[in-house]
$ cat input01.cif   # mmCIF, C-alpha atoms; chains and numbers go by the auth columns
data_upload
#
loop_
_atom_site.group_PDB
_atom_site.id
_atom_site.type_symbol
_atom_site.label_atom_id
_atom_site.label_comp_id
_atom_site.label_asym_id
_atom_site.label_seq_id
_atom_site.Cartn_x
_atom_site.Cartn_y
_atom_site.Cartn_z
_atom_site.B_iso_or_equiv
_atom_site.auth_seq_id
_atom_site.auth_asym_id
ATOM 1 C CA MET A 1 1.816 -76.584 79.314 0.00 69 H
ATOM 2 C CA LEU A 2 5.003 -75.887 77.433 0.00 70 H
ATOM 3 C CA PHE A 3 4.104 -72.371 76.446 0.00 71 H
ATOM 4 C CA PHE A 4 2.791 -71.653 79.911 0.00 72 H
ATOM 5 C CA SER A 5 6.224 -72.561 81.324 0.00 73 H
ATOM 6 C CA TYR A 6 7.880 -70.677 78.525 0.00 74 H
ATOM 7 C CA PHE A 7 5.978 -67.471 79.295 0.00 75 H
ATOM 8 C CA LYS A 8 6.643 -67.908 82.999 0.00 76 H
ATOM 9 C CA ASP A 9 10.358 -67.714 82.180 0.00 77 H
ATOM 10 C CA LEU A 10 9.754 -64.419 80.390 0.00 78 H
ATOM 11 C CA VAL A 11 8.294 -62.702 83.462 0.00 79 H
ATOM 12 C CA GLY A 12 10.010 -59.379 84.066 0.00 80 H
ATOM 13 C CA ARG A 13 10.847 -58.806 80.441 0.00 81 H
ATOM 14 C CA GLU A 14 9.480 -56.166 78.127 0.00 82 H
ATOM 15 C CA VAL A 15 7.014 -57.538 75.571 0.00 83 H
ATOM 16 C CA THR A 16 4.517 -56.193 73.066 0.00 84 H
ATOM 17 C CA VAL A 17 1.123 -57.882 72.990 0.00 85 H
ATOM 18 C CA GLU A 18 -0.883 -57.477 69.828 0.00 86 H
ATOM 19 C CA LEU A 19 -4.569 -58.126 70.285 0.00 87 H
ATOM 20 C CA LYS A 20 -7.189 -59.408 67.905 0.00 88 H
ATOM 21 C CA ASN A 21 -8.712 -55.917 67.766 0.00 89 H
ATOM 22 C CA ASP A 22 -5.425 -54.569 66.338 0.00 90 H
ATOM 23 C CA LEU A 23 -4.522 -52.785 69.553 0.00 91 H
ATOM 24 C CA ALA A 24 -0.872 -53.302 70.539 0.00 92 H
ATOM 25 C CA ILE A 25 0.235 -52.831 74.122 0.00 93 H
ATOM 26 C CA ARG A 26 3.818 -52.790 75.309 0.00 94 H
ATOM 27 C CA GLY A 27 4.774 -53.417 78.898 0.00 95 H
ATOM 28 C CA THR A 28 6.704 -55.479 81.395 0.00 96 H
ATOM 29 C CA LEU A 29 5.372 -59.013 81.714 0.00 97 H
ATOM 30 C CA HIS A 30 4.112 -59.340 85.287 0.00 98 H
ATOM 31 C CA SER A 31 2.508 -62.782 85.205 0.00 99 H
ATOM 32 C CA VAL A 32 0.746 -65.437 83.132 0.00 100 H
ATOM 33 C CA ASP A 33 -1.650 -68.249 83.979 0.00 101 H
ATOM 34 C CA GLN A 34 -2.675 -71.522 82.370 0.00 102 H
ATOM 35 C CA TYR A 35 -5.073 -69.782 79.965 0.00 103 H
ATOM 36 C CA LEU A 36 -2.170 -67.549 78.891 0.00 104 H
ATOM 37 C CA ASN A 37 -3.962 -64.563 80.347 0.00 105 H
ATOM 38 C CA ILE A 38 -1.296 -61.902 80.654 0.00 106 H
ATOM 39 C CA LYS A 39 -0.722 -59.145 83.139 0.00 107 H
ATOM 40 C CA LEU A 40 1.438 -56.230 82.049 0.00 108 H
ATOM 41 C CA GLU A 41 2.945 -53.411 84.067 0.00 109 H
ATOM 42 C CA ASN A 42 4.047 -49.950 82.966 0.00 110 H
ATOM 43 C CA THR A 43 1.923 -50.291 79.884 0.00 111 H
ATOM 44 C CA ARG A 44 1.837 -48.029 76.903 0.00 112 H
ATOM 45 C CA VAL A 45 -0.250 -48.300 73.789 0.00 113 H
ATOM 46 C CA VAL A 46 1.886 -48.574 70.683 0.00 114 H
ATOM 47 C CA ASP A 47 -0.194 -46.297 68.462 0.00 115 H
ATOM 48 C CA GLN A 48 -1.337 -43.918 71.143 0.00 116 H
ATOM 49 C CA ASP A 49 -2.760 -41.205 68.908 0.00 117 H
ATOM 50 C CA LYS A 50 -5.063 -43.645 67.236 0.00 118 H
ATOM 51 C CA TYR A 51 -6.060 -45.461 70.414 0.00 119 H
ATOM 52 C CA PRO A 52 -6.566 -43.094 73.355 0.00 120 H
ATOM 53 C CA HIS A 53 -9.052 -45.562 74.846 0.00 121 H
ATOM 54 C CA MET A 54 -6.760 -46.612 77.632 0.00 122 H
ATOM 55 C CA VAL A 55 -7.108 -42.908 78.249 0.00 123 H
ATOM 56 C CA ILE A 56 -4.197 -40.619 77.916 0.00 124 H
ATOM 57 C CA GLN A 57 -3.504 -37.282 79.330 0.00 125 H
ATOM 58 C CA CYS A 58 -1.438 -35.171 77.029 0.00 126 H
ATOM 59 C CA VAL A 59 0.157 -31.911 77.878 0.00 127 H
ATOM 60 C CA ASP A 60 0.937 -30.043 74.733 0.00 128 H
ATOM 61 C CA TYR A 61 3.881 -27.720 75.090 0.00 129 H
ATOM 62 C CA ASN A 62 3.517 -25.180 72.251 0.00 130 H
ATOM 63 C CA SER A 63 2.638 -28.108 69.963 0.00 131 H
ATOM 64 C CA VAL A 64 6.313 -28.945 69.471 0.00 132 H
ATOM 65 C CA PHE A 65 6.768 -31.280 72.360 0.00 133 H
ATOM 66 C CA SER A 66 3.921 -33.199 73.901 0.00 134 H
ATOM 67 C CA PHE A 67 4.001 -35.375 76.925 0.00 135 H
ATOM 68 C CA CYS A 68 1.530 -38.194 77.389 0.00 136 H
ATOM 69 C CA LYS A 69 0.532 -40.218 80.397 0.00 137 H
ATOM 70 C CA LEU A 70 -1.712 -43.246 80.500 0.00 138 H
ATOM 71 C CA SER A 71 -4.317 -43.487 83.177 0.00 139 H
ATOM 72 C CA VAL A 72 -4.131 -47.267 82.752 0.00 140 H
ATOM 73 C CA ARG A 73 -0.674 -48.370 83.841 0.00 141 H
ATOM 74 C CA ASN A 74 -1.255 -52.001 84.677 0.00 142 H
ATOM 75 C CA CYS A 75 -3.551 -54.237 82.765 0.00 143 H
ATOM 76 C CA PHE A 76 -4.881 -57.742 82.515 0.00 144 H
ATOM 77 C CA ILE A 77 -5.257 -59.147 79.013 0.00 145 H
ATOM 78 C CA ARG A 78 -7.462 -62.165 78.449 0.00 146 H
ATOM 79 C CA GLY A 79 -5.529 -64.926 76.703 0.00 147 H
ATOM 80 C CA SER A 80 -8.290 -65.501 74.170 0.00 148 H
ATOM 81 C CA VAL A 81 -7.847 -62.061 72.567 0.00 149 H
ATOM 82 C CA VAL A 82 -4.085 -62.206 72.087 0.00 150 H
ATOM 83 C CA ARG A 83 -2.924 -62.462 68.476 0.00 151 H
ATOM 84 C CA TYR A 84 0.832 -62.129 68.904 0.00 152 H
ATOM 85 C CA VAL A 85 3.314 -61.630 71.680 0.00 153 H
ATOM 86 C CA GLN A 86 6.472 -59.929 70.465 0.00 154 H
ATOM 87 C CA LEU A 87 9.416 -61.036 72.562 0.00 155 H
ATOM 88 C CA PRO A 88 12.858 -59.642 73.136 0.00 156 H
ATOM 89 C CA PRO A 89 15.274 -61.658 70.938 0.00 157 H
ATOM 90 C CA GLU A 90 17.454 -62.504 73.911 0.00 158 H
ATOM 91 C CA GLY A 91 14.427 -64.071 75.617 0.00 159 H
ATOM 92 C CA VAL A 92 14.243 -66.933 73.141 0.00 160 H
ATOM 93 C CA ASP A 93 16.501 -69.951 73.164 0.00 161 H
ATOM 94 C CA ILE A 94 15.393 -71.473 69.879 0.00 162 H
ATOM 95 C CA GLU A 95 17.347 -74.706 70.319 0.00 163 H
ATOM 96 C CA LEU A 96 15.843 -75.288 73.723 0.00 164 H
ATOM 97 C CA LEU A 97 12.345 -74.543 72.450 0.00 165 H
ATOM 98 C CA HIS A 98 12.819 -76.901 69.495 0.00 166 H
ATOM 99 C CA ASP A 99 13.861 -79.717 71.798 0.00 167 H
ATOM 100 C CA ALA A 100 11.019 -79.061 74.183 0.00 168 H
ATOM 101 C CA THR A 101 8.344 -78.976 71.457 0.00 169 H
ATOM 102 C CA ARG A 102 9.678 -82.211 69.932 0.00 170 H
ATOM 103 C CA ARG A 103 9.685 -83.872 73.324 0.00 171 H
ATOM 104 C CA GLU A 104 6.074 -82.770 73.904 0.00 172 H
ATOM 105 C CA ALA A 105 5.016 -83.935 70.416 0.00 173 H
ATOM 106 C CA ARG A 106 6.446 -87.359 71.228 0.00 174 H
ATOM 107 C CA GLY A 107 4.254 -87.376 74.281 0.00 175 H
ATOM 108 C CA GLY A 108 6.626 -87.083 77.118 0.00 176 H
ATOM 109 C CA MET B 1 -1.963 -73.050 89.542 0.00 91 L
ATOM 110 C CA SER B 2 -3.524 -70.355 91.662 0.00 92 L
ATOM 111 C CA SER B 3 -0.632 -67.944 91.253 0.00 93 L
ATOM 112 C CA GLY B 4 -0.969 -65.989 88.087 0.00 94 L
ATOM 113 C CA PRO B 5 -2.464 -62.837 86.793 0.00 95 L
ATOM 114 C CA GLY B 6 -5.608 -62.999 88.878 0.00 96 L
ATOM 115 C CA LEU B 7 -7.754 -59.963 89.425 0.00 97 L
ATOM 116 C CA GLU B 8 -7.576 -60.186 93.261 0.00 98 L
ATOM 117 C CA SER B 9 -5.419 -57.107 93.480 0.00 99 L
ATOM 118 C CA LEU B 10 -8.003 -55.040 91.598 0.00 100 L
ATOM 119 C CA VAL B 11 -11.018 -55.823 93.780 0.00 101 L
ATOM 120 C CA ASP B 12 -12.726 -52.640 95.027 0.00 102 L
ATOM 121 C CA GLN B 13 -10.666 -50.562 92.639 0.00 103 L
ATOM 122 C CA THR B 14 -11.861 -48.639 89.625 0.00 104 L
ATOM 123 C CA ILE B 15 -11.098 -50.539 86.458 0.00 105 L
ATOM 124 C CA SER B 16 -11.586 -50.009 82.765 0.00 106 L
ATOM 125 C CA VAL B 17 -12.856 -53.003 80.819 0.00 107 L
ATOM 126 C CA ILE B 18 -12.561 -53.211 77.047 0.00 108 L
ATOM 127 C CA THR B 19 -14.968 -55.764 75.621 0.00 109 L
ATOM 128 C CA ASN B 20 -14.650 -57.851 72.480 0.00 110 L
ATOM 129 C CA ASP B 21 -17.091 -55.605 70.618 0.00 111 L
ATOM 130 C CA GLY B 22 -14.906 -52.597 71.406 0.00 112 L
ATOM 131 C CA ARG B 23 -16.883 -51.022 74.244 0.00 113 L
ATOM 132 C CA ASN B 24 -15.137 -49.409 77.137 0.00 114 L
ATOM 133 C CA ILE B 25 -16.808 -49.861 80.521 0.00 115 L
ATOM 134 C CA VAL B 26 -15.494 -48.226 83.683 0.00 116 L
ATOM 135 C CA GLY B 27 -16.576 -49.293 87.151 0.00 117 L
ATOM 136 C CA VAL B 28 -15.570 -50.658 90.526 0.00 118 L
ATOM 137 C CA LEU B 29 -14.574 -54.337 90.464 0.00 119 L
ATOM 138 C CA LYS B 30 -16.679 -56.247 92.982 0.00 120 L
ATOM 139 C CA GLY B 31 -16.020 -59.806 91.937 0.00 121 L
ATOM 140 C CA PHE B 32 -14.638 -62.150 89.319 0.00 122 L
ATOM 141 C CA ASP B 33 -14.146 -65.849 88.721 0.00 123 L
ATOM 142 C CA GLN B 34 -11.907 -68.294 86.857 0.00 124 L
ATOM 143 C CA ALA B 35 -13.562 -67.562 83.515 0.00 125 L
ATOM 144 C CA THR B 36 -12.951 -63.813 84.006 0.00 126 L
ATOM 145 C CA ASN B 37 -16.668 -63.167 84.481 0.00 127 L
ATOM 146 C CA ILE B 38 -16.741 -59.795 86.192 0.00 128 L
ATOM 147 C CA ILE B 39 -19.079 -57.899 88.500 0.00 129 L
ATOM 148 C CA LEU B 40 -18.826 -54.137 88.192 0.00 130 L
ATOM 149 C CA ASP B 41 -20.481 -51.621 90.466 0.00 131 L
ATOM 150 C CA GLU B 42 -21.300 -47.995 89.633 0.00 132 L
ATOM 151 C CA SER B 43 -20.327 -48.693 86.074 0.00 133 L
ATOM 152 C CA HIS B 44 -20.611 -46.458 83.063 0.00 134 L
ATOM 153 C CA GLU B 45 -19.764 -46.872 79.427 0.00 135 L
ATOM 154 C CA GLN B 46 -17.470 -44.404 77.700 0.00 136 L
ATOM 155 C CA VAL B 47 -18.481 -43.963 74.091 0.00 137 L
ATOM 156 C CA PHE B 48 -15.708 -42.709 71.808 0.00 138 L
ATOM 157 C CA SER B 49 -16.451 -40.960 68.564 0.00 139 L
ATOM 158 C CA THR B 50 -14.687 -38.708 66.101 0.00 140 L
ATOM 159 C CA LYS B 51 -17.499 -36.157 65.915 0.00 141 L
ATOM 160 C CA GLU B 52 -17.971 -35.286 69.564 0.00 142 L
ATOM 161 C CA GLY B 53 -16.226 -35.819 72.878 0.00 143 L
ATOM 162 C CA VAL B 54 -16.517 -38.975 74.940 0.00 144 L
ATOM 163 C CA GLN B 55 -20.072 -39.664 76.084 0.00 145 L
ATOM 164 C CA GLN B 56 -20.725 -41.355 79.401 0.00 146 L
ATOM 165 C CA LEU B 57 -23.659 -43.725 79.704 0.00 147 L
ATOM 166 C CA VAL B 58 -24.612 -44.778 83.200 0.00 148 L
ATOM 167 C CA LEU B 59 -25.055 -48.550 83.528 0.00 149 L
ATOM 168 C CA GLY B 60 -25.048 -49.195 87.294 0.00 150 L
ATOM 169 C CA LEU B 61 -24.389 -52.716 88.574 0.00 151 L
ATOM 170 C CA TYR B 62 -23.187 -54.904 85.737 0.00 152 L
ATOM 171 C CA ILE B 63 -22.049 -58.448 85.146 0.00 153 L
ATOM 172 C CA ILE B 64 -19.865 -59.034 82.118 0.00 154 L
ATOM 173 C CA ARG B 65 -19.371 -62.551 80.849 0.00 155 L
ATOM 174 C CA GLY B 66 -15.700 -63.474 80.576 0.00 156 L
ATOM 175 C CA ASP B 67 -15.982 -64.526 76.929 0.00 157 L
ATOM 176 C CA ASN B 68 -16.631 -60.907 76.030 0.00 158 L
ATOM 177 C CA ILE B 69 -13.695 -59.379 77.853 0.00 159 L
ATOM 178 C CA SER B 70 -10.482 -58.304 76.127 0.00 160 L
ATOM 179 C CA ILE B 71 -8.658 -56.070 78.562 0.00 161 L
ATOM 180 C CA VAL B 72 -9.031 -55.171 82.214 0.00 162 L
ATOM 181 C CA GLY B 73 -7.022 -52.085 83.095 0.00 163 L
ATOM 182 C CA GLU B 74 -6.332 -50.602 86.493 0.00 164 L
ATOM 183 C CA LEU B 75 -7.361 -46.936 86.373 0.00 165 L
ATOM 184 C CA ASP B 76 -5.300 -44.243 87.971 0.00 166 L
ATOM 185 C CA GLU B 77 -8.283 -42.319 89.298 0.00 167 L
ATOM 186 C CA GLU B 78 -6.373 -39.147 89.933 0.00 168 L
ATOM 187 C CA LEU B 79 -5.140 -38.978 86.366 0.00 169 L
ATOM 188 C CA ASP B 80 -8.444 -40.113 84.969 0.00 170 L
ATOM 189 C CA SER B 81 -10.484 -37.512 86.815 0.00 171 L
ATOM 190 C CA ASN B 82 -8.209 -34.775 85.482 0.00 172 L
ATOM 191 C CA LEU B 83 -8.964 -35.846 81.947 0.00 173 L
ATOM 192 C CA ASP B 84 -11.168 -33.619 79.877 0.00 174 L
ATOM 193 C CA LEU B 85 -13.236 -36.284 78.161 0.00 175 L
ATOM 194 C CA SER B 86 -15.202 -33.714 76.187 0.00 176 L
ATOM 195 C CA LYS B 87 -12.098 -32.934 74.166 0.00 177 L
ATOM 196 C CA LEU B 88 -11.024 -36.527 73.589 0.00 178 L
ATOM 197 C CA ARG B 89 -11.882 -37.816 70.135 0.00 179 L
ATOM 198 C CA ALA B 90 -11.152 -41.183 68.631 0.00 180 L
ATOM 199 C CA HIS B 91 -12.586 -43.834 66.388 0.00 181 L
ATOM 200 C CA PRO B 92 -14.425 -46.512 68.323 0.00 182 L
ATOM 201 C CA LEU B 93 -12.212 -49.572 68.883 0.00 183 L
ATOM 202 C CA LYS B 94 -12.515 -52.377 66.395 0.00 184 L
ATOM 203 C CA PRO B 95 -14.237 -55.537 67.560 0.00 185 L
ATOM 204 C CA VAL B 96 -12.119 -58.600 68.247 0.00 186 L
ATOM 205 C CA ILE B 97 -12.074 -61.016 65.321 0.00 187 L
ATOM 206 C CA HIS B 98 -11.084 -64.522 66.351 0.00 188 L
#

$ encode --input "input01.cif" --output "structure tokens"
Amino acid sequence: MLFFSYFKDLVGREVTVELKNDLAIRGTLHSVDQYLNIKLENTRVVDQDKYPHMVIQCVDYNSVFSFCKLSVRNCFIRGSVVRYVQLPPEGVDIELLHDATRREARGG
Amino acid sequence: MSSGPGLESLVDQTISVITNDGRNIVGVLKGFDQATNIILDESHEQVFSTKEGVQQLVLGLYIIRGDNISIVGELDEELDSNLDLSKLRAHPLKPVIH
């Protein structure tokens, strides 16, 4: 329950979710549920050239400047496939998290 | 508990589902449940490869068990229909390793 509450506090922040298939998606955290399923908005794939599967549209201006758009902008990520969530440093109060985990480990 | 990233908002919309074995299935979301089991209508699989463009395999009405789902993405149909899939090349996605 602790990490569910913790992620709920992070709603609205920009996070990067790395999945167990090595895909990494960055976006604004829209919501989480008790399974730690995650919904992201304004998503972009971190290594877009390698992973165009979320389907990009690229306009190549004389191959100097290219402009890419995702046709998937919002997505739902199943909690079971998440490997890491990279958080903004200012989103973590380590002291508070320490206290909370200790309290939970003690059973209350 | 009911508030959260449910899929309610995507019902009757075209979505792109990436499964744990790396497949990419596009279709209209007709239903879902707590375990993220999904019913897709008019679905097709998009097969990525490095040798040729994206192939589309017609699947029709499909149920995908939640265990096998990695990502459900909302498709911007306008953008997606402008895409020239025959020119898109990529390695197939890696399967999920738990």

$ atom_distance --input "input01.cif" --atom1 "atom CA of L:Glu132" --atom2 "atom CA of L:Ser160"
20.1 Å

$ closest_atom_pairs --input "input01.cif" --of "chain H" --to "chain L" --cutoff "12 Å" --atoms "all atoms listed in the file" --output "CSV"
residue,atom,partner,partner_atom,distance
H:Met69,CA,L:Met91,CA,11.5
H:Phe72,CA,L:Gly94,CA,10.6
H:Ser73,CA,L:Met91,CA,11.6
H:Phe75,CA,L:Gly94,CA,11.3
H:Lys76,CA,L:Gly94,CA,9.4
H:Val79,CA,L:Gly94,CA,10.9
H:Val85,CA,L:Ile161,CA,11.4
H:Glu86,CA,L:Val186,CA,11.4
H:Leu87,CA,L:Val186,CA,7.8
H:Lys88,CA,L:Val186,CA,5.0
H:Asn89,CA,L:Val186,CA,4.4
H:Asp90,CA,L:Lys184,CA,7.4
H:Leu91,CA,L:Leu183,CA,8.4
H:Ala92,CA,L:Ile161,CA,11.5
H:Ile93,CA,L:Ile161,CA,10.5
H:Leu97,CA,L:Pro95,CA,10.1
H:His98,CA,L:Pro95,CA,7.6
H:Ser99,CA,L:Pro95,CA,5.2
H:Val100,CA,L:Gly94,CA,5.3
H:Asp101,CA,L:Gly94,CA,4.7
H:Gln102,CA,L:Met91,CA,7.4
H:Tyr103,CA,L:Ala125,CA,9.5
H:Leu104,CA,L:Pro95,CA,9.2
H:Asn105,CA,L:Pro95,CA,6.8
H:Ile106,CA,L:Pro95,CA,6.3
H:Lys107,CA,L:Pro95,CA,5.5
H:Leu108,CA,L:Pro95,CA,9.0
H:Glu109,CA,L:Glu164,CA,10.0
H:Asn110,CA,L:Glu164,CA,11.0
H:Thr111,CA,L:Gly163,CA,9.7
H:Arg112,CA,L:Gly163,CA,11.5
H:Gln116,CA,L:Ala180,CA,10.5
H:Asp117,CA,L:Ala180,CA,8.4
H:Lys118,CA,L:Ala180,CA,6.7
H:Tyr119,CA,L:Ala180,CA,6.9
H:Pro120,CA,L:Ala180,CA,6.9
H:His121,CA,L:Asn114,CA,7.6
H:Met122,CA,L:Gly163,CA,7.7
H:Val123,CA,L:Asp170,CA,7.4
H:Ile124,CA,L:Leu173,CA,7.9
H:Gln125,CA,L:Leu173,CA,6.2
H:Cys126,CA,L:Leu173,CA,9.0
H:Val127,CA,L:Leu173,CA,10.7
H:Cys136,CA,L:Leu169,CA,11.2
H:Lys137,CA,L:Leu169,CA,8.3
H:Leu138,CA,L:Leu169,CA,8.0
H:Ser139,CA,L:Asp166,CA,5.0
H:Val140,CA,L:Leu165,CA,4.9
H:Arg141,CA,L:Glu164,CA,6.6
H:Asn142,CA,L:Glu164,CA,5.6
H:Cys143,CA,L:Gly163,CA,4.1
H:Phe144,CA,L:Val162,CA,4.9
H:Ile145,CA,L:Ile161,CA,4.6
H:Arg146,CA,L:Ser160,CA,5.4
H:Gly147,CA,L:Ser160,CA,8.3
H:Ser148,CA,L:Ser160,CA,7.8
H:Val149,CA,L:Ser160,CA,5.8
H:Val150,CA,L:Ser160,CA,8.5
H:Arg151,CA,L:His188,CA,8.7

$ atom_distance --input "input01.cif" --atom1 "atom CA of H:Leu70" --atom2 "atom CA of H:Leu155"
16.2 Å

$ atom_distance --input "input01.cif" --atom1 "atom CA of H:Gly159" --atom2 "atom CA of H:Val113"
21.6 Å

$ decode --input "input01.cif" --residues "stretch 109-133 of chain L" --atoms "C-alpha atoms" --output "mmCIF file, in the first residue's frame"
data_model
loop_
_atom_site.group_PDB
_atom_site.id
_atom_site.type_symbol
_atom_site.label_atom_id
_atom_site.label_comp_id
_atom_site.auth_asym_id
_atom_site.auth_seq_id
_atom_site.Cartn_x
_atom_site.Cartn_y
_atom_site.Cartn_z
ATOM 1 C CA THR L 109 1.941 -8.085 -25.684
ATOM 2 C CA ASN L 110 4.570 -9.735 -23.519
ATOM 3 C CA ASP L 111 5.936 -11.685 -26.486
ATOM 4 C CA GLY L 112 6.466 -8.427 -28.368
ATOM 5 C CA ARG L 113 3.492 -8.494 -30.733
ATOM 6 C CA ASN L 114 1.666 -5.345 -31.612
ATOM 7 C CA ILE L 115 -2.096 -5.692 -32.026
ATOM 8 C CA VAL L 116 -4.307 -2.806 -33.113
ATOM 9 C CA GLY L 117 -8.073 -2.843 -32.730
ATOM 10 C CA VAL L 118 -11.141 -1.239 -31.218
ATOM 11 C CA LEU L 119 -11.451 -1.758 -27.454
ATOM 12 C CA LYS L 120 -14.820 -3.327 -26.679
ATOM 13 C CA GLY L 121 -14.303 -4.451 -23.121
ATOM 14 C CA PHE L 122 -11.867 -5.093 -20.308
ATOM 15 C CA ASP L 123 -11.845 -6.246 -16.710
ATOM 16 C CA GLN L 124 -9.853 -5.915 -13.486
ATOM 17 C CA ALA L 125 -7.144 -8.292 -14.688
ATOM 18 C CA THR L 126 -6.703 -6.218 -17.878
ATOM 19 C CA ASN L 127 -8.214 -8.983 -20.005
ATOM 20 C CA ILE L 128 -9.197 -7.180 -23.182
ATOM 21 C CA ILE L 129 -11.735 -7.634 -25.964
ATOM 22 C CA LEU L 130 -10.665 -6.155 -29.277
ATOM 23 C CA ASP L 131 -12.838 -5.811 -32.345
ATOM 24 C CA GLU L 132 -11.649 -5.490 -35.949
ATOM 25 C CA SER L 133 -8.163 -6.226 -34.764
#
